[in-house]
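Next up, target_27.pdb (PDB, C-alpha atoms, pLDDT in the B column):
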ATOM      1  CA  SER V 134       9.837  -0.169   0.557  1.00 52.00           C
ATOM      2  CA  SER V 135       9.043   2.697   2.926  1.00 65.00           C
ATOM      3  CA  LEU V 136       5.905   1.036   4.328  1.00 74.00           C
ATOM      4  CA  PRO V 137       4.612  -2.507   4.807  1.00 73.00           C
ATOM      5  CA  VAL V 138       3.325  -3.850   1.471  1.00 74.00           C
ATOM      6  CA  PRO V 139      -0.056  -5.033   2.817  1.00 77.00           C
ATOM      7  CA  GLU V 140      -0.957  -1.603   4.206  1.00 85.00           C
ATOM      8  CA  PRO V 141      -4.252  -0.346   2.700  1.00 91.00           C
ATOM      9  CA  LEU V 142      -4.081   2.310  -0.029  1.00 93.00           C
ATOM     10  CA  PRO V 143      -5.545   5.316   1.840  1.00 94.00           C
ATOM     11  CA  ARG V 144      -3.438   4.707   4.956  1.00 93.00           C
ATOM     12  CA  ARG V 145      -0.310   4.088   2.884  1.00 91.00           C
ATOM     13  CA  ARG V 146      -0.729   7.285   0.839  1.00 91.00           C
ATOM     14  CA  ARG V 147      -1.524   9.383   3.952  1.00 90.00           C
ATOM     15  CA  ARG V 148       1.563   8.054   5.737  1.00 88.00           C
ATOM     16  CA  LEU V 149       3.776   8.699   2.717  1.00 88.00           C
ATOM     17  CA  ARG V 150       2.486  12.264   2.477  1.00 86.00           C
ATOM     18  CA  HIS V 151       2.895  12.995   6.191  1.00 84.00           C
ATOM     19  CA  THR V 152       6.189  11.146   6.680  1.00 84.00           C
ATOM     20  CA  PHE V 153       8.009  11.754   3.383  1.00 85.00           C
ATOM     21  CA  GLU V 154       5.998  14.736   2.091  1.00 85.00           C
ATOM     22  CA  PHE V 155       5.074  13.376  -1.315  1.00 85.00           C
ATOM     23  CA  GLU V 156       1.917  12.218  -3.085  1.00 87.00           C
ATOM     24  CA  CYS V 157       2.555   8.710  -4.320  1.00 85.00           C
ATOM     25  CA  SER V 158       1.340   7.910  -7.806  1.00 82.00           C
ATOM     26  CA  CYS V 159       3.317   4.751  -8.514  1.00 83.00           C
ATOM     27  CA  GLN V 160       1.767   2.111 -10.754  1.00 81.00           C
ATOM     28  CA  ARG V 161       0.439   0.165  -7.773  1.00 86.00           C
ATOM     29  CA  CYS V 162      -1.192   3.239  -6.216  1.00 89.00           C
ATOM     30  CA  ARG V 163      -2.736   4.262  -9.557  1.00 90.00           C
ATOM     31  CA  VAL V 164      -4.322   0.816 -10.013  1.00 90.00           C
ATOM     32  CA  GLU V 165      -5.593   0.747  -6.428  1.00 92.00           C
ATOM     33  CA  MET V 166      -6.898   4.343  -6.674  1.00 94.00           C
ATOM     34  CA  ARG V 167      -8.929   3.383  -9.754  1.00 94.00           C
ATOM     35  CA  TRP V 168     -10.406   0.412  -7.890  1.00 94.00           C
ATOM     36  CA  ALA V 169     -11.100   2.503  -4.769  1.00 95.00           C
ATOM     37  CA  ARG V 170     -12.926   5.157  -6.784  1.00 95.00           C
ATOM     38  CA  GLU V 171     -14.976   2.452  -8.539  1.00 94.00           C
ATOM     39  CA  ASP V 172     -15.908   1.091  -5.101  1.00 95.00           C
ATOM     40  CA  GLY V 173     -16.581   4.480  -3.485  1.00 93.00           C
ATOM     41  CA  ASP V 174     -13.640   4.040  -1.085  1.00 95.00           C
ATOM     42  CA  ARG V 175     -11.034   6.586  -0.012  1.00 94.00           C
ATOM     43  CA  VAL V 176      -7.787   6.978  -1.915  1.00 94.00           C
ATOM     44  CA  GLY V 177      -5.727   8.856   0.691  1.00 91.00           C
ATOM     45  CA  ASP V 178      -5.828  12.306  -0.919  1.00 89.00           C
ATOM     46  CA  VAL V 179      -5.363  15.512   1.064  1.00 86.00           C
ATOM     47  CA  ASP V 180      -8.877  16.610  -0.005  1.00 87.00           C
ATOM     48  CA  GLU V 181     -10.331  13.672   1.942  1.00 89.00           C
ATOM     49  CA  GLU V 182      -8.415  14.720   5.060  1.00 85.00           C
ATOM     50  CA  THR V 183      -9.530  18.333   4.668  1.00 84.00           C
ATOM     51  CA  ALA V 184     -13.164  17.214   4.412  1.00 85.00           C
ATOM     52  CA  VAL V 185     -12.888  15.026   7.523  1.00 84.00           C
ATOM     53  CA  ALA V 186     -11.097  17.878   9.338  1.00 81.00           C
ATOM     54  CA  GLY V 187     -14.141  20.098   8.821  1.00 80.00           C
ATOM     55  CA  GLY V 188     -12.632  22.081   5.968  1.00 77.00           C
ATOM     56  CA  ARG V 189      -9.502  22.918   7.904  1.00 74.00           C
ATOM     57  CA  CYS V 190      -6.432  23.005   5.665  1.00 63.00           C
ATOM     58  CA  PHE V 191      -4.617  19.776   6.358  1.00 60.00           C
ATOM     59  CA  SER V 192      -0.854  19.847   5.927  1.00 58.00           C
ATOM     60  CA  SER V 193       2.187  20.297   8.101  1.00 54.00           C
ATOM     61  CA  SER V 194       2.894  23.622   6.375  1.00 57.00           C
ATOM     62  CA  SER V 195      -0.618  24.885   7.162  1.00 54.00           C
ATOM     63  CA  GLY V 196       0.143  25.154  10.858  1.00 55.00           C
ATOM     64  CA  ALA V 197      -2.146  22.267  11.769  1.00 59.00           C
ATOM     65  CA  SER V 198      -0.872  20.725  14.973  1.00 71.00           C
ATOM     66  CA  ASP V 199       0.671  17.272  14.865  1.00 75.00           C
ATOM     67  CA  SER V 200      -1.833  16.034  17.454  1.00 83.00           C
ATOM     68  CA  PHE V 201      -4.770  17.338  15.388  1.00 83.00           C
ATOM     69  CA  MET V 202      -3.408  15.731  12.214  1.00 82.00           C
ATOM     70  CA  GLU V 203      -2.786  12.458  14.062  1.00 85.00           C
ATOM     71  CA  THR V 204      -6.309  12.470  15.533  1.00 88.00           C
ATOM     72  CA  VAL V 205      -7.872  12.994  12.103  1.00 87.00           C
ATOM     73  CA  THR V 206      -5.754  10.388  10.327  1.00 88.00           C
ATOM     74  CA  ASN V 207      -6.300   7.834  13.115  1.00 90.00           C
ATOM     75  CA  ALA V 208     -10.064   8.397  12.861  1.00 91.00           C
ATOM     76  CA  MET V 209      -9.882   7.945   9.083  1.00 92.00           C
ATOM     77  CA  ASP V 210      -7.830   4.749   9.484  1.00 93.00           C
ATOM     78  CA  ASP V 211     -10.410   3.387  11.948  1.00 94.00           C
ATOM     79  CA  GLU V 212     -13.307   4.263   9.614  1.00 93.00           C
ATOM     80  CA  ASP V 213     -11.539   2.649   6.655  1.00 93.00           C
ATOM     81  CA  ASP V 214     -10.850  -0.507   8.714  1.00 93.00           C
ATOM     82  CA  GLU V 215     -14.493  -0.689   9.819  1.00 95.00           C
ATOM     83  CA  ARG V 216     -15.707  -0.219   6.241  1.00 93.00           C
ATOM     84  CA  MET V 217     -13.466  -3.038   5.008  1.00 93.00           C
ATOM     85  CA  ALA V 218     -14.445  -5.343   7.878  1.00 95.00           C
ATOM     86  CA  ALA V 219     -18.121  -4.843   7.039  1.00 96.00           C
ATOM     87  CA  LEU V 220     -17.758  -6.002   3.422  1.00 95.00           C
ATOM     88  CA  SER V 221     -19.626  -9.192   2.540  1.00 96.00           C
ATOM     89  CA  ASN V 222     -17.780 -12.274   1.356  1.00 96.00           C
ATOM     90  CA  GLU V 223     -19.336 -11.758  -2.072  1.00 96.00           C
ATOM     91  CA  GLU V 224     -17.966  -8.205  -2.262  1.00 95.00           C
ATOM     92  CA  LEU V 225     -14.511  -9.332  -1.124  1.00 93.00           C
ATOM     93  CA  GLU V 226     -14.550 -12.027  -3.794  1.00 94.00           C
ATOM     94  CA  ARG V 227     -15.646  -9.526  -6.460  1.00 94.00           C
ATOM     95  CA  ARG V 228     -12.769  -7.261  -5.505  1.00 91.00           C
ATOM     96  CA  SER V 229     -10.212 -10.067  -5.532  1.00 89.00           C
ATOM     97  CA  ASP V 230     -11.410 -11.274  -8.952  1.00 91.00           C
ATOM     98  CA  ARG V 231     -10.164  -8.086 -10.626  1.00 91.00           C
ATOM     99  CA  VAL V 232      -6.555  -8.598  -9.515  1.00 88.00           C
ATOM    100  CA  THR V 233      -4.445  -9.053 -12.628  1.00 88.00           C
ATOM    101  CA  PRO V 234      -1.657 -11.645 -12.824  1.00 89.00           C
ATOM    102  CA  GLU V 235       0.918  -8.824 -13.057  1.00 86.00           C
ATOM    103  CA  TYR V 236      -0.409  -7.284  -9.836  1.00 86.00           C
ATOM    104  CA  ALA V 237      -0.320 -10.665  -8.068  1.00 88.00           C
ATOM    105  CA  VAL V 238       3.266 -11.310  -9.222  1.00 89.00           C
ATOM    106  CA  TRP V 239       4.271  -7.846  -7.996  1.00 86.00           C
ATOM    107  CA  PHE V 240       3.040  -8.788  -4.504  1.00 85.00           C
ATOM    108  CA  MET V 241       4.719 -12.174  -4.593  1.00 89.00           C
ATOM    109  CA  ARG V 242       7.992 -10.523  -5.642  1.00 90.00           C
ATOM    110  CA  ASN V 243       7.899  -7.656  -3.125  1.00 88.00           C
ATOM    111  CA  VAL V 244       6.406  -9.193   0.027  1.00 89.00           C
ATOM    112  CA  CYS V 245       8.935 -11.001   2.197  1.00 91.00           C
ATOM    113  CA  PRO V 246       8.365 -14.779   2.028  1.00 92.00           C
ATOM    114  CA  VAL V 247       9.557 -15.345   5.599  1.00 95.00           C
ATOM    115  CA  THR V 248       6.654 -16.638   7.704  1.00 94.00           C
ATOM    116  CA  ASP V 249       4.981 -13.897   9.789  1.00 91.00           C
ATOM    117  CA  CYS V 250       7.413 -11.209   8.594  1.00 89.00           C
ATOM    118  CA  GLY V 251       5.233  -9.027   6.332  1.00 82.00           C
ATOM    119  CA  GLY V 252       8.199  -6.885   5.356  1.00 87.00           C
ATOM    120  CA  THR V 253       8.899  -5.334   1.978  1.00 87.00           C
ATOM    121  CA  LEU V 254      11.638  -6.490  -0.380  1.00 90.00           C
ATOM    122  CA  ALA V 255      13.484  -3.724  -2.215  1.00 87.00           C
ATOM    123  CA  PRO V 256      16.999  -3.124  -3.508  1.00 89.00           C
ATOM    124  CA  PRO V 257      19.160  -1.715  -0.690  1.00 88.00           C
ATOM    125  CA  ASN V 258      20.866   0.612  -3.188  1.00 88.00           C
ATOM    126  CA  THR V 259      20.809   1.423  -6.892  1.00 86.00           C
ATOM    127  CA  SER V 260      23.622  -0.982  -7.806  1.00 91.00           C
ATOM    128  CA  ALA V 261      22.388  -3.978  -5.768  1.00 91.00           C
ATOM    129  CA  MET V 262      21.714  -7.240  -7.607  1.00 93.00           C
ATOM    130  CA  HIS V 263      19.344  -8.439  -4.888  1.00 94.00           C
ATOM    131  CA  MET V 264      16.431  -7.211  -2.790  1.00 94.00           C
ATOM    132  CA  THR V 265      16.507  -7.068   1.008  1.00 94.00           C
ATOM    133  CA  CYS V 266      13.560  -7.198   3.422  1.00 92.00           C
ATOM    134  CA  ASN V 267      13.142  -3.982   5.391  1.00 88.00           C
ATOM    135  CA  ALA V 268      11.926  -5.960   8.428  1.00 89.00           C
ATOM    136  CA  CYS V 269      13.956  -9.166   8.771  1.00 94.00           C
ATOM    137  CA  GLY V 270      16.889  -8.708   6.363  1.00 94.00           C
ATOM    138  CA  PHE V 271      15.989 -11.653   4.079  1.00 96.00           C
ATOM    139  CA  LYS V 272      17.762 -11.344   0.698  1.00 97.00           C
ATOM    140  CA  ARG V 273      16.710 -12.646  -2.726  1.00 96.00           C
ATOM    141  CA  THR V 274      17.682 -11.975  -6.337  1.00 95.00           C
ATOM    142  CA  ASP V 275      15.090 -11.607  -9.086  1.00 93.00           C
ATOM    143  CA  ASP V 276      16.648 -14.653 -10.778  1.00 95.00           C
ATOM    144  CA  ALA V 277      15.955 -16.729  -7.651  1.00 95.00           C
ATOM    145  CA  PHE V 278      12.381 -15.378  -7.405  1.00 95.00           C
ATOM    146  CA  TYR V 279      11.529 -16.183 -11.036  1.00 94.00           C
ATOM    147  CA  ALA V 280      13.170 -19.629 -10.757  1.00 95.00           C
ATOM    148  CA  GLN V 281      10.932 -20.359  -7.754  1.00 92.00           C
ATOM    149  CA  LEU V 282       7.928 -19.056  -9.694  1.00 91.00           C
ATOM    150  CA  ARG V 283       8.740 -21.545 -12.475  1.00 93.00           C
ATOM    151  CA  GLY V 284       8.984 -24.318  -9.852  1.00 93.00           C
ATOM    152  CA  GLU V 285      12.739 -24.737 -10.127  1.00 93.00           C
ATOM    153  CA  GLU V 286      14.953 -25.619  -7.183  1.00 86.00           C
ATOM    154  CA  VAL V 287      16.910 -22.638  -5.873  1.00 77.00           C
TER
END

Taking this structure as input, can you express it in the form of structure tokens?
Amino acid sequence: SSLPVPEPLPRRRRRLRHTFEFECSCQRCRVEMRWAREDGDRVGDVDEETAVAGGRCFSSSSGASDSFMETVTNAMDDEDDERMAALSNEELERRSDRVTPEYAVWFMRNVCPVTDCGGTLAPPNTSAMHMTCNACGFKRTDDAFYAQLRGEEV
């Protein structure tokens, strides 16, 4: 719930590393990393940043300036966006065909359903019986989500 759900894998993993100082390897990231490697796309690893930075060690502890790190990551984000925008409709369809039902349900469950919100639903604390959107505050229980999925009135 730290970042918008629709954010692309390499950007999401770079932001998590730079903002929260951890390498994400959640189930979603692992699936998307496998797909990215199959497609020859970036996965958001520090080695990719180091290569783009001309071999310069790329971490906040390395002494790299914030402006240098921001310049490199912005350039990588732009390149990734351009690469995705250049994909043919056939390639986009091929990529969407490999999405499993479990992956699709995960998105439906965790992306805020409020029109034009795009926020992430997550429990606000470990004892919560509902999930709250990090952008608009919408709340929903898993029971309500699965009832809607079955077509039941909520």

Check your understanding: Skipping near chain neighbours, those fewer than 4 positions away, what residues fall within 12 Å of Val247 in chain V using only C-alpha atoms, listed as a VMD selection string?
Key -> chain V and resid 241 243 251 to 254 265 to 273

**Study point:** Residues matched by the PyMOL selection byres ((chain V and resi 164) around 12), written as a list in words
**Key:** Leu142, Cys157, Ser158, Cys159, Gln160, Arg161, Cys162, Arg163, Glu165, Met166, Arg167, Trp168, Ala169, Arg170, Glu171, Val176, Arg231, Val232, Thr233, Glu235 and Tyr236 of chain V

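Near (-9.7, 11.0, 8.2), the residues that fall inside 6 Å on the basis of all atoms listed in the file are V:Glu182, V:Val185, V:Val205, V:Thr206, V:Ala208, V:Met209.
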
**Study point:** Distance in Å - CA of Asn222 in chain V versus CA of Leu282 in chain V
**Key:**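 These two atoms are separated by 28.8 Å.
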
Exercise for review: Within 12 Å of (5.6, 11.2, 6.7) (coordinates as in the file), grab all the protein and nucleic acid residues, counting all atoms listed in the file, and write them out as a list in words.
Suggested key: Ser135, Leu136, Arg144, Arg145, Arg146, Arg147, Arg148, Leu149, Arg150, His151, Thr152, Phe153, Glu154, Phe155, Glu156, Cys157, Ser192, Ser193, Asp199, Met202, Glu203 and Thr206 of chain V

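Between CA of Gly173 in chain V and CA of Glu226 in chain V the interatomic distance comes to 16.6 Å.
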
Study note, to complete from the structure: Restricting to only C-alpha atoms, whichever of V:Val179, V:Ala218, V:Ala186, V:Cys250 is closest to Pro139 in chain V is V:Cys250

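Separating CA of Ser221 in chain V from CA of Glu140 in chain V is a distance of 20.2 Å.
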
Exercise for review: Taking the file above as input, evaluate the PyMOL selection byres ((chain V and resi 275) around 12) and report the hits as a PyMOL selection string.
Suggested key: chain V and resi 238-239+241-243+254-256+261-265+272-274+276-282+287
